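File shown: final_13.cif. Contents: mmCIF, C-alpha atoms and all ligand atoms.
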```
data_upload
loop_
_atom_site.group_PDB
_atom_site.id
_atom_site.type_symbol
_atom_site.label_atom_id
_atom_site.label_comp_id
_atom_site.auth_asym_id
_atom_site.auth_seq_id
_atom_site.Cartn_x
_atom_site.Cartn_y
_atom_site.Cartn_z
ATOM 1 C CA MET A 1 -42.376 2.894 11.460
ATOM 2 C CA GLY A 2 -39.207 3.048 13.587
ATOM 3 C CA LYS A 3 -38.933 1.843 17.181
ATOM 4 C CA LEU A 4 -38.539 5.447 18.405
ATOM 5 C CA THR A 5 -40.933 7.345 16.146
ATOM 6 C CA ASN A 6 -42.086 10.637 17.732
ATOM 7 C CA LYS A 7 -39.686 10.217 20.676
ATOM 8 C CA THR A 8 -37.321 12.964 21.824
ATOM 9 C CA ALA A 9 -33.848 11.973 22.985
ATOM 10 C CA VAL A 10 -30.854 13.671 24.610
ATOM 11 C CA VAL A 11 -27.429 12.050 24.150
ATOM 12 C CA THR A 12 -24.603 13.511 26.239
ATOM 13 C CA GLY A 13 -21.206 13.188 24.564
ATOM 14 C CA GLY A 14 -22.959 12.561 21.251
ATOM 15 C CA ASN A 15 -20.259 13.983 18.983
ATOM 16 C CA SER A 16 -18.022 10.915 19.105
ATOM 17 C CA GLY A 17 -17.797 7.154 19.583
ATOM 18 C CA ILE A 18 -20.679 5.295 21.240
ATOM 19 C CA GLY A 19 -22.732 8.485 21.732
ATOM 20 C CA PHE A 20 -22.454 9.420 18.061
ATOM 21 C CA PHE A 21 -23.446 5.947 16.807
ATOM 22 C CA THR A 22 -26.325 5.802 19.280
ATOM 23 C CA ALA A 23 -27.586 9.239 18.176
ATOM 24 C CA LYS A 24 -27.439 7.942 14.589
ATOM 25 C CA ASP A 25 -29.365 4.797 15.495
ATOM 26 C CA PHE A 26 -31.984 6.796 17.459
ATOM 27 C CA ILE A 27 -32.470 9.032 14.383
ATOM 28 C CA ASN A 28 -32.779 5.987 12.084
ATOM 29 C CA GLU A 29 -35.491 4.682 14.407
ATOM 30 C CA GLY A 30 -37.428 7.952 14.118
ATOM 31 C CA ALA A 31 -36.378 9.960 17.193
ATOM 32 C CA LYS A 32 -35.636 13.676 17.324
ATOM 33 C CA VAL A 33 -32.210 13.922 18.929
ATOM 34 C CA LEU A 34 -30.207 16.554 20.800
ATOM 35 C CA ILE A 35 -26.519 15.830 21.362
ATOM 36 C CA THR A 36 -23.989 17.495 23.637
ATOM 37 C CA GLY A 37 -20.219 17.703 23.631
ATOM 38 C CA ARG A 38 -17.619 19.934 25.183
ATOM 39 C CA LYS A 39 -16.161 21.401 21.956
ATOM 40 C CA SER A 40 -18.321 23.402 19.537
ATOM 41 C CA GLU A 41 -16.310 22.348 16.486
ATOM 42 C CA ALA A 42 -16.787 18.650 17.261
ATOM 43 C CA VAL A 43 -20.490 19.127 18.004
ATOM 44 C CA ASN A 44 -21.034 21.055 14.738
ATOM 45 C CA GLU A 45 -19.128 18.441 12.752
ATOM 46 C CA ALA A 46 -21.314 15.684 14.224
ATOM 47 C CA ILE A 47 -24.523 17.626 13.480
ATOM 48 C CA LYS A 48 -23.444 17.888 9.830
ATOM 49 C CA LYS A 49 -23.161 14.094 9.691
ATOM 50 C CA LEU A 50 -26.316 13.371 11.684
ATOM 51 C CA GLY A 51 -28.492 15.766 9.691
ATOM 52 C CA ASN A 52 -29.961 19.186 10.237
ATOM 53 C CA GLN A 53 -32.886 17.872 12.265
ATOM 54 C CA THR A 54 -30.431 17.084 15.058
ATOM 55 C CA GLU A 55 -29.803 19.724 17.720
ATOM 56 C CA GLY A 56 -26.392 20.306 19.293
ATOM 57 C CA ILE A 57 -25.490 22.073 22.521
ATOM 58 C CA VAL A 58 -21.993 22.658 23.857
ATOM 59 C CA SER A 59 -22.143 21.614 27.498
ATOM 60 C CA ASP A 60 -19.514 20.358 29.914
ATOM 61 C CA GLN A 61 -20.983 17.484 31.930
ATOM 62 C CA SER A 62 -18.779 18.338 34.917
ATOM 63 C CA SER A 63 -20.270 21.848 35.200
ATOM 64 C CA LEU A 64 -23.583 22.214 37.045
ATOM 65 C CA LYS A 65 -24.032 25.632 35.417
ATOM 66 C CA ASP A 66 -23.678 24.046 31.980
ATOM 67 C CA ILE A 67 -26.181 21.322 32.898
ATOM 68 C CA ASP A 68 -28.715 23.994 33.972
ATOM 69 C CA ASN A 69 -28.197 25.744 30.631
ATOM 70 C CA LEU A 70 -28.518 22.432 28.757
ATOM 71 C CA VAL A 71 -31.844 21.688 30.456
ATOM 72 C CA MET A 72 -33.113 25.186 29.586
ATOM 73 C CA LYS A 73 -32.050 24.838 25.920
ATOM 74 C CA THR A 74 -33.491 21.315 25.706
ATOM 75 C CA LYS A 75 -36.842 22.655 26.940
ATOM 76 C CA GLU A 76 -36.774 25.303 24.197
ATOM 77 C CA LYS A 77 -35.786 22.853 21.465
ATOM 78 C CA LEU A 78 -37.508 19.573 22.398
ATOM 79 C CA GLY A 79 -40.102 20.553 25.006
ATOM 80 C CA SER A 80 -39.893 17.332 26.982
ATOM 81 C CA VAL A 81 -37.684 14.253 26.904
ATOM 82 C CA ASP A 82 -38.551 10.572 26.274
ATOM 83 C CA ILE A 83 -34.994 9.193 26.323
ATOM 84 C CA LEU A 84 -32.029 10.511 28.329
ATOM 85 C CA PHE A 85 -28.778 8.774 27.391
ATOM 86 C CA ILE A 86 -26.078 9.833 29.882
ATOM 87 C CA ASN A 87 -23.040 8.723 27.916
ATOM 88 C CA ALA A 88 -20.340 11.436 28.132
ATOM 89 C CA GLY A 89 -17.278 10.208 29.937
ATOM 90 C CA VAL A 90 -13.504 10.102 30.042
ATOM 91 C CA ALA A 91 -11.001 7.357 30.793
ATOM 92 C CA ALA A 92 -7.572 7.707 32.366
ATOM 93 C CA PHE A 93 -5.592 4.853 33.814
ATOM 94 C CA ALA A 94 -2.897 4.986 36.515
ATOM 95 C CA PRO A 95 -1.487 2.698 39.202
ATOM 96 C CA LEU A 96 -2.471 3.524 42.808
ATOM 97 C CA GLU A 97 0.781 5.493 43.296
ATOM 98 C CA GLY A 98 0.050 7.624 40.232
ATOM 99 C CA ILE A 99 -3.414 8.879 41.210
ATOM 100 C CA THR A 100 -3.482 12.625 41.914
ATOM 101 C CA GLU A 101 -6.224 14.732 43.433
ATOM 102 C CA GLU A 102 -6.562 16.462 40.068
ATOM 103 C CA SER A 103 -6.948 13.233 38.065
ATOM 104 C CA PHE A 104 -9.404 11.899 40.681
ATOM 105 C CA ASP A 105 -11.521 15.061 40.483
ATOM 106 C CA THR A 106 -11.487 15.185 36.668
ATOM 107 C CA ILE A 107 -12.736 11.619 36.257
ATOM 108 C CA MET A 108 -15.243 11.687 39.110
ATOM 109 C CA ASN A 109 -16.600 15.122 38.172
ATOM 110 C CA ILE A 110 -17.357 14.097 34.592
ATOM 111 C CA ASN A 111 -18.216 10.408 34.936
ATOM 112 C CA PHE A 112 -20.117 10.390 38.222
ATOM 113 C CA LYS A 113 -20.952 13.851 39.599
ATOM 114 C CA GLY A 114 -21.892 15.092 36.131
ATOM 115 C CA ALA A 115 -23.982 11.998 35.410
ATOM 116 C CA LEU A 116 -25.845 12.336 38.712
ATOM 117 C CA PHE A 117 -26.652 16.032 38.294
ATOM 118 C CA THR A 118 -27.584 15.540 34.647
ATOM 119 C CA LEU A 119 -30.247 13.079 35.755
ATOM 120 C CA GLN A 120 -31.365 15.281 38.660
ATOM 121 C CA LYS A 121 -31.700 18.437 36.581
ATOM 122 C CA PHE A 122 -33.510 16.671 33.723
ATOM 123 C CA LEU A 123 -36.170 15.205 36.043
ATOM 124 C CA PRO A 124 -38.711 17.974 35.370
ATOM 125 C CA LEU A 125 -38.320 17.499 31.585
ATOM 126 C CA LEU A 126 -38.556 13.701 31.663
ATOM 127 C CA LYS A 127 -41.999 12.507 30.664
ATOM 128 C CA ASP A 128 -43.795 9.940 32.811
ATOM 129 C CA GLY A 129 -43.068 6.657 31.010
ATOM 130 C CA SER A 130 -39.722 7.925 29.688
ATOM 131 C CA ASN A 131 -36.404 6.168 30.227
ATOM 132 C CA VAL A 132 -32.802 6.858 31.211
ATOM 133 C CA ILE A 133 -29.732 4.885 30.152
ATOM 134 C CA PHE A 134 -26.318 5.301 31.765
ATOM 135 C CA LEU A 135 -23.212 4.368 29.778
ATOM 136 C CA SER A 136 -21.169 2.588 32.428
ATOM 137 C CA SER A 137 -18.398 0.020 31.921
ATOM 138 C CA VAL A 138 -17.525 -3.583 32.649
ATOM 139 C CA ASN A 139 -14.720 -2.024 34.732
ATOM 140 C CA ALA A 140 -17.391 -1.410 37.382
ATOM 141 C CA TYR A 141 -17.043 -5.150 38.140
ATOM 142 C CA THR A 142 -13.607 -6.307 37.044
ATOM 143 C CA GLY A 143 -10.815 -4.929 39.267
ATOM 144 C CA MET A 144 -8.507 -4.470 36.275
ATOM 145 C CA PRO A 145 -5.136 -3.022 37.421
ATOM 146 C CA ASN A 146 -4.620 0.748 36.890
ATOM 147 C CA THR A 147 -8.337 1.534 36.618
ATOM 148 C CA THR A 148 -9.095 2.439 40.271
ATOM 149 C CA VAL A 149 -10.750 5.828 39.754
ATOM 150 C CA TYR A 150 -12.352 5.090 36.381
ATOM 151 C CA ALA A 151 -13.777 1.790 37.652
ATOM 152 C CA ALA A 152 -15.049 3.436 40.844
ATOM 153 C CA SER A 153 -16.757 6.182 38.830
ATOM 154 C CA LYS A 154 -18.632 3.514 36.849
ATOM 155 C CA ALA A 155 -19.442 1.394 39.919
ATOM 156 C CA ALA A 156 -20.902 4.541 41.496
ATOM 157 C CA MET A 157 -22.873 5.118 38.301
ATOM 158 C CA ASN A 158 -24.358 1.600 38.469
ATOM 159 C CA SER A 159 -25.358 2.220 42.074
ATOM 160 C CA LEU A 160 -26.999 5.503 41.046
ATOM 161 C CA SER A 161 -28.805 3.714 38.231
ATOM 162 C CA ARG A 162 -30.311 1.125 40.592
ATOM 163 C CA THR A 163 -31.391 3.703 43.181
ATOM 164 C CA ALA A 164 -32.882 6.004 40.564
ATOM 165 C CA ALA A 165 -34.777 3.050 39.056
ATOM 166 C CA GLN A 166 -36.479 2.565 42.440
ATOM 167 C CA GLU A 167 -37.138 6.265 43.027
ATOM 168 C CA LEU A 168 -38.541 6.920 39.555
ATOM 169 C CA ALA A 169 -40.615 3.754 39.140
ATOM 170 C CA GLY A 170 -43.642 5.626 40.502
ATOM 171 C CA ARG A 171 -43.545 7.807 37.389
ATOM 172 C CA ASN A 172 -42.996 4.700 35.230
ATOM 173 C CA ILE A 173 -39.557 6.051 34.312
ATOM 174 C CA ARG A 174 -37.200 3.160 33.562
ATOM 175 C CA VAL A 175 -33.494 3.479 34.413
ATOM 176 C CA ASN A 176 -30.840 1.068 33.160
ATOM 177 C CA ALA A 177 -27.066 0.863 32.743
ATOM 178 C CA VAL A 178 -25.055 -0.493 29.818
ATOM 179 C CA CYS A 179 -21.593 -1.832 30.704
ATOM 180 C CA PRO A 180 -19.334 -2.349 27.671
ATOM 181 C CA GLY A 181 -15.959 -4.015 27.557
ATOM 182 C CA PRO A 182 -13.314 -2.538 25.228
ATOM 183 C CA VAL A 183 -14.884 -0.743 22.273
ATOM 184 C CA GLU A 184 -13.039 0.819 19.329
ATOM 185 C CA THR A 185 -13.603 4.566 19.848
ATOM 186 C CA PRO A 186 -11.438 7.708 20.076
ATOM 187 C CA ILE A 187 -11.498 7.529 23.917
ATOM 188 C CA PHE A 188 -8.169 5.665 24.085
ATOM 189 C CA GLY A 189 -6.404 8.288 21.960
ATOM 190 C CA LYS A 190 -7.539 10.983 24.429
ATOM 191 C CA MET A 191 -5.721 9.377 27.382
ATOM 192 C CA GLY A 192 -2.439 11.100 26.496
ATOM 193 C CA LEU A 193 -0.426 7.864 26.310
ATOM 194 C CA PRO A 194 2.360 7.289 23.767
ATOM 195 C CA GLU A 195 1.295 5.484 20.569
ATOM 196 C CA GLU A 196 3.387 2.363 21.319
ATOM 197 C CA VAL A 197 1.859 2.010 24.816
ATOM 198 C CA MET A 198 -1.621 2.232 23.284
ATOM 199 C CA GLN A 199 -0.732 -0.354 20.611
ATOM 200 C CA GLU A 200 0.509 -2.760 23.281
ATOM 201 C CA PHE A 201 -2.568 -2.146 25.454
ATOM 202 C CA GLY A 202 -4.832 -2.799 22.445
ATOM 203 C CA LYS A 203 -3.033 -6.041 21.548
ATOM 204 C CA ASN A 204 -3.114 -7.384 25.122
ATOM 205 C CA MET A 205 -6.741 -6.423 25.617
ATOM 206 C CA GLN A 206 -7.809 -8.031 22.356
ATOM 207 C CA ALA A 207 -6.025 -11.264 23.308
ATOM 208 C CA ARG A 208 -7.837 -11.358 26.678
ATOM 209 C CA VAL A 209 -11.345 -10.910 25.242
ATOM 210 C CA PRO A 210 -12.896 -14.367 24.651
ATOM 211 C CA LEU A 211 -14.299 -13.147 21.293
ATOM 212 C CA LYS A 212 -10.777 -11.875 20.435
ATOM 213 C CA ARG A 213 -11.714 -8.387 19.301
ATOM 214 C CA PHE A 214 -12.787 -4.948 20.500
ATOM 215 C CA GLY A 215 -16.501 -4.169 20.276
ATOM 216 C CA LYS A 216 -17.797 -1.634 17.774
ATOM 217 C CA ALA A 217 -19.660 1.518 18.747
ATOM 218 C CA ASP A 218 -22.670 0.572 16.595
ATOM 219 C CA GLU A 219 -22.951 -2.760 18.469
ATOM 220 C CA ILE A 220 -23.316 -0.853 21.749
ATOM 221 C CA ALA A 221 -25.758 1.560 20.093
ATOM 222 C CA LYS A 222 -28.094 -1.331 19.179
ATOM 223 C CA LEU A 223 -28.356 -2.384 22.831
ATOM 224 C CA VAL A 224 -28.992 1.195 23.953
ATOM 225 C CA THR A 225 -31.709 1.602 21.312
ATOM 226 C CA PHE A 226 -33.354 -1.629 22.477
ATOM 227 C CA LEU A 227 -33.395 -0.397 26.105
ATOM 228 C CA ALA A 228 -34.735 2.996 24.997
ATOM 229 C CA SER A 229 -37.592 1.409 23.047
ATOM 230 C CA ASP A 230 -40.915 -0.066 24.118
ATOM 231 C CA ASP A 231 -39.451 -3.526 23.437
ATOM 232 C CA ALA A 232 -37.785 -3.085 26.850
ATOM 233 C CA LYS A 233 -40.783 -1.660 28.688
ATOM 234 C CA TYR A 234 -40.558 -4.206 31.553
ATOM 235 C CA ILE A 235 -36.807 -3.623 32.067
ATOM 236 C CA THR A 236 -35.624 -1.270 34.784
ATOM 237 C CA GLY A 237 -32.828 -1.251 37.352
ATOM 238 C CA ALA A 238 -30.846 -3.623 35.129
ATOM 239 C CA GLU A 239 -27.179 -3.620 34.125
ATOM 240 C CA TYR A 240 -26.283 -5.042 30.727
ATOM 241 C CA VAL A 241 -22.747 -6.274 30.158
ATOM 242 C CA ILE A 242 -21.722 -6.156 26.470
ATOM 243 C CA ASP A 243 -18.080 -7.091 26.398
ATOM 244 C CA GLY A 244 -17.168 -10.028 24.151
ATOM 245 C CA GLY A 245 -17.077 -12.140 27.314
ATOM 246 C CA ILE A 246 -14.246 -10.377 29.196
ATOM 247 C CA ASN A 247 -16.256 -10.199 32.432
ATOM 248 C CA ILE A 248 -16.498 -13.991 32.710
ATOM 249 C CA LEU A 249 -12.708 -14.162 33.062
ATOM 250 C CA ASN A 250 -12.781 -12.242 36.338
HETATM 251 N N1 LIG B 301 -14.578 2.801 24.403
HETATM 252 C C1 LIG B 301 -14.592 1.916 25.379
HETATM 253 O O1 LIG B 301 -13.841 0.921 25.371
HETATM 254 C C2 LIG B 301 -15.564 2.072 26.517
HETATM 255 C C3 LIG B 301 -15.805 0.955 27.328
HETATM 256 C C4 LIG B 301 -16.685 1.073 28.389
HETATM 257 C C5 LIG B 301 -17.310 2.265 28.633
HETATM 258 N N2 LIG B 301 -17.064 3.342 27.838
HETATM 259 C C6 LIG B 301 -17.773 4.594 28.142
HETATM 260 O O2 LIG B 301 -18.495 4.968 26.992
HETATM 261 C C7 LIG B 301 -18.766 6.377 27.054
HETATM 262 C C8 LIG B 301 -18.488 6.957 25.679
HETATM 263 O O3 LIG B 301 -17.112 6.828 25.401
HETATM 264 P P1 LIG B 301 -16.513 6.487 23.958
HETATM 265 O O4 LIG B 301 -15.709 5.268 24.092
HETATM 266 O O5 LIG B 301 -17.565 6.585 22.930
HETATM 267 O O6 LIG B 301 -15.434 7.673 23.839
HETATM 268 P P2 LIG B 301 -15.388 9.028 22.982
HETATM 269 O O7 LIG B 301 -15.442 8.699 21.545
HETATM 270 O O8 LIG B 301 -14.242 9.773 23.526
HETATM 271 O O9 LIG B 301 -16.744 9.736 23.373
HETATM 272 C C9 LIG B 301 -16.926 10.361 24.629
HETATM 273 C C10 LIG B 301 -17.827 11.543 24.413
HETATM 274 O O10 LIG B 301 -18.022 12.194 25.675
HETATM 275 C C11 LIG B 301 -17.665 13.563 25.519
HETATM 276 N N3 LIG B 301 -17.206 14.150 26.760
HETATM 277 C C12 LIG B 301 -16.104 13.844 27.480
HETATM 278 N N4 LIG B 301 -16.031 14.652 28.555
HETATM 279 C C13 LIG B 301 -17.107 15.475 28.501
HETATM 280 C C14 LIG B 301 -17.586 16.505 29.305
HETATM 281 N N5 LIG B 301 -16.942 16.915 30.403
HETATM 282 N N6 LIG B 301 -18.725 17.141 28.945
HETATM 283 C C15 LIG B 301 -19.396 16.771 27.834
HETATM 284 N N7 LIG B 301 -18.975 15.814 27.003
HETATM 285 C C16 LIG B 301 -17.851 15.167 27.353
HETATM 286 C C17 LIG B 301 -16.583 13.539 24.460
HETATM 287 O O11 LIG B 301 -16.355 14.812 23.920
HETATM 288 P P3 LIG B 301 -14.919 15.158 23.246
HETATM 289 O O12 LIG B 301 -15.060 14.765 21.821
HETATM 290 O O13 LIG B 301 -14.765 16.603 23.479
HETATM 291 O O14 LIG B 301 -13.872 14.342 23.961
HETATM 292 C C18 LIG B 301 -17.215 12.569 23.482
HETATM 293 O O15 LIG B 301 -18.243 13.171 22.753
HETATM 294 C C19 LIG B 301 -17.886 6.920 28.168
HETATM 295 O O16 LIG B 301 -18.669 7.172 29.308
HETATM 296 C C20 LIG B 301 -16.905 5.789 28.443
HETATM 297 O O17 LIG B 301 -16.452 5.776 29.765
HETATM 298 C C21 LIG B 301 -16.210 3.268 26.776
#
```
As structure tokens:
Amino acid sequence: MGKLTNKTAVVTGGNSGIGFFTAKDFINEGAKVLITGRKSEAVNEAIKKLGNQTEGIVSDQSSLKDIDNLVMKTKEKLGSVDILFINAGVAAFAPLEGITEESFDTIMNINFKGALFTLQKFLPLLKDGSNVIFLSSVNAYTGMPNTTVYAASKAAMNSLSRTAAQELAGRNIRVNAVCPGPVETPIFGKMGLPEEVMQEFGKNMQARVPLKRFGKADEIAKLVTFLASDDAKYITGAEYVIDGGINILN
């Protein structure tokens, strides 16, 4: 029997990277999974790989209307929810002088506002004894140059995670945050930077990580699955750094 047998799980941003590998791991452990993404083609492609038992809904995490629709569809398809993995997010880096109102709003609306309202709107569907995991980042702690808005969005997420853990403890709902360091996923290719800049960034980052490599999405998935399972039933309000040691340098 798997660790998540008979559990229902929602994974936002489940068509790619950490969300995709976590959805896969949840399914391997026996859960029924619903993933979201913002492009129907990408969501359908992921469903093909994850298997027909998986549900997929196109939903933009920055849109409150979309979140309402997602909650309605989740109710139809899963009934109630045991595991809510709020993972969808974007990264964009710029020095202080390069931050625009538009880039600020895009990052904050997806990574923080969307995460907050996803949790709020799912509250009626969350079972007592269920759990919520936020996909944050080690950037919430580090002060790495050029990450002001991204890092702030994740620091805000960690704060939300702690407060929600207190507010929801009465229903025995656990809330935790996972804070990875650099992980090999398509997120870096979506930042719109030239290939050579990305190559250089990757090389420098890898050299700085004490374990001298990027993490893998399935390594993050294993930690998320642990937190989602009954093995972690005394863990709430916690933040787990999983970063090859980069946080100890700061
Ligand atoms: N990779 C890293 O080094 C790293 C480190 C620390 C934290 N993280 C965090 O990990 C999470 C997952 O990222 P990843 O690295 O796995 O990147 P990824 O492969 O790009 O996955 C991100 C997922 O979120 C979806 N998404 C983005 N904006 C969305 C929106 N507005 N509405 C709904 N879905 C949306 C993406 O959809 P599309 O396919 O349409 O883009 C994709 O499915 C993010 O929150 C990221 O900040 C990543």
For the structure provided, state which residues fall under the PyMOL selection byres (((chain A and resi 234) around 12) and not hetatm), and present them as a PyMOL selection string. chain A and resi 129+131+165+169+172-176+226-233+235-238
Once you have the residues from the selection above, write them out as a JSON list (two decimals), in the frame of the given file, restricted to C-alpha atoms.
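Saved result, part_12.json, follows:
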```json
[["chain", "number", "residue", "atom", "x", "y", "z"],
["A", 129, "GLY", "CA", -43.07, 6.66, 31.01],
["A", 131, "ASN", "CA", -36.40, 6.17, 30.23],
["A", 165, "ALA", "CA", -34.78, 3.05, 39.06],
["A", 169, "ALA", "CA", -40.62, 3.75, 39.14],
["A", 172, "ASN", "CA", -43.00, 4.70, 35.23],
["A", 173, "ILE", "CA", -39.56, 6.05, 34.31],
["A", 174, "ARG", "CA", -37.20, 3.16, 33.56],
["A", 175, "VAL", "CA", -33.49, 3.48, 34.41],
["A", 176, "ASN", "CA", -30.84, 1.07, 33.16],
["A", 226, "PHE", "CA", -33.35, -1.63, 22.48],
["A", 227, "LEU", "CA", -33.40, -0.40, 26.10],
["A", 228, "ALA", "CA", -34.74, 3.00, 25.00],
["A", 229, "SER", "CA", -37.59, 1.41, 23.05],
["A", 230, "ASP", "CA", -40.92, -0.07, 24.12],
["A", 231, "ASP", "CA", -39.45, -3.53, 23.44],
["A", 232, "ALA", "CA", -37.78, -3.08, 26.85],
["A", 233, "LYS", "CA", -40.78, -1.66, 28.69],
["A", 235, "ILE", "CA", -36.81, -3.62, 32.07],
["A", 236, "THR", "CA", -35.62, -1.27, 34.78],
["A", 237, "GLY", "CA", -32.83, -1.25, 37.35],
["A", 238, "ALA", "CA", -30.85, -3.62, 35.13]]
```
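Note that atom CA of Thr225 of chain A and atom CA of Asp25 of chain A are 7.0 Å apart.
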Centre and size of axis-aligned box enclosing segment 87-106 of chain A plus 4 Å each side, as JSON:
```
{"center_x": -11.1, "center_y": 9.6, "center_z": 35.7, "size_x": 31.8, "size_y": 21.8, "size_z": 23.5}
```
Which protein, DNA or RNA residues have an atom within 6 Å of ligand LIG 301 (chain B), counting only C-alpha atoms and all ligand atoms, as a ChimeraX atom specification? /A:13-19,37-39,59-62,87-91,110,135-137,180-187
Reference answer for the PyMOL selection byres (((chain A and resi 4) around 6) and not hetatm), as a list in words: Gly2, Lys3, Thr5, Lys7, Glu29, Gly30 and Ala31 of chain A
Which residue, A:Ala23, A:Glu200, A:Leu64, A:Ile107, has the smallest gap to Ala46 of chain A when you use only C-alpha atoms?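 Under the stated criterion, the closest residue is A:Ala23.
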So, with all atoms listed in the file as the atoms that count, which of A:Leu126, A:Leu116, A:Leu78, A:Leu223 lies closest to Ala156 of chain A?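 Between A:Leu126, A:Leu116, A:Leu78, A:Leu223, the residue approaching Ala156 of chain A most closely is A:Leu116.
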One decimal, in Å: what's the spacing between atom CA of Ala164 of chain A and atom CA of Ile133 of chain A?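 Separation of atom CA of Ala164 of chain A and atom CA of Ile133 of chain A: 10.9 Å.
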Using the chain letters and numbers from the file, which residues does the PyMOL selection byres (((chain A and resi 248) around 12) and not hetatm) grab, as a list in words?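 Written out, the selection comes to Val138, Tyr141, Thr142, Gly181, Arg208, Val209, Pro210, Leu211, Val241, Ile242, Asp243, Gly244, Gly245, Ile246, Asn247, Leu249 and Asn250 of chain A.
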Could you get me a file of segment 93-109 of chain A with N, CA and C atoms, as a compact mmCIF listing (two decimals), in the first residue's frame, taken from the block above?
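Heads up, here's the output in decode_3.txt:
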```txt
# COMPACT_ATOMS: atom_id res chain seq x y z
N PHE A 93 14.48 37.69 -12.77
CA PHE A 93 15.50 38.38 -11.98
C PHE A 93 15.85 39.72 -12.62
N ALA A 94 16.06 40.73 -11.78
CA ALA A 94 16.46 42.06 -12.27
C ALA A 94 17.12 42.82 -11.14
N PRO A 95 18.08 43.70 -11.47
CA PRO A 95 18.63 44.56 -10.42
C PRO A 95 17.57 45.57 -9.97
N LEU A 96 17.78 46.21 -8.83
CA LEU A 96 16.78 47.17 -8.31
C LEU A 96 16.33 48.16 -9.38
N GLU A 97 17.31 48.68 -10.17
CA GLU A 97 16.97 49.70 -11.18
C GLU A 97 16.09 49.12 -12.28
N GLY A 98 16.09 47.82 -12.46
CA GLY A 98 15.37 47.22 -13.58
C GLY A 98 13.97 46.73 -13.23
N ILE A 99 13.55 46.91 -11.97
CA ILE A 99 12.22 46.43 -11.58
C ILE A 99 11.16 47.40 -12.10
N THR A 100 10.15 46.87 -12.78
CA THR A 100 9.05 47.72 -13.26
C THR A 100 7.79 47.35 -12.49
N GLU A 101 6.80 48.23 -12.57
CA GLU A 101 5.53 47.93 -11.90
C GLU A 101 4.94 46.64 -12.49
N GLU A 102 5.10 46.51 -13.80
CA GLU A 102 4.53 45.33 -14.48
C GLU A 102 5.20 44.04 -14.01
N SER A 103 6.56 44.06 -13.94
CA SER A 103 7.25 42.83 -13.52
C SER A 103 6.95 42.53 -12.05
N PHE A 104 6.84 43.58 -11.23
CA PHE A 104 6.48 43.40 -9.81
C PHE A 104 5.11 42.72 -9.72
N ASP A 105 4.13 43.28 -10.45
CA ASP A 105 2.76 42.75 -10.37
C ASP A 105 2.69 41.30 -10.87
N THR A 106 3.40 41.02 -11.97
CA THR A 106 3.34 39.65 -12.53
C THR A 106 3.83 38.64 -11.50
N ILE A 107 4.99 38.91 -10.92
CA ILE A 107 5.57 37.93 -9.97
C ILE A 107 4.72 37.83 -8.72
N MET A 108 4.37 38.98 -8.14
CA MET A 108 3.59 38.96 -6.89
C MET A 108 2.20 38.35 -7.11
N ASN A 109 1.58 38.66 -8.25
CA ASN A 109 0.22 38.15 -8.48
C ASN A 109 0.19 36.64 -8.62
```
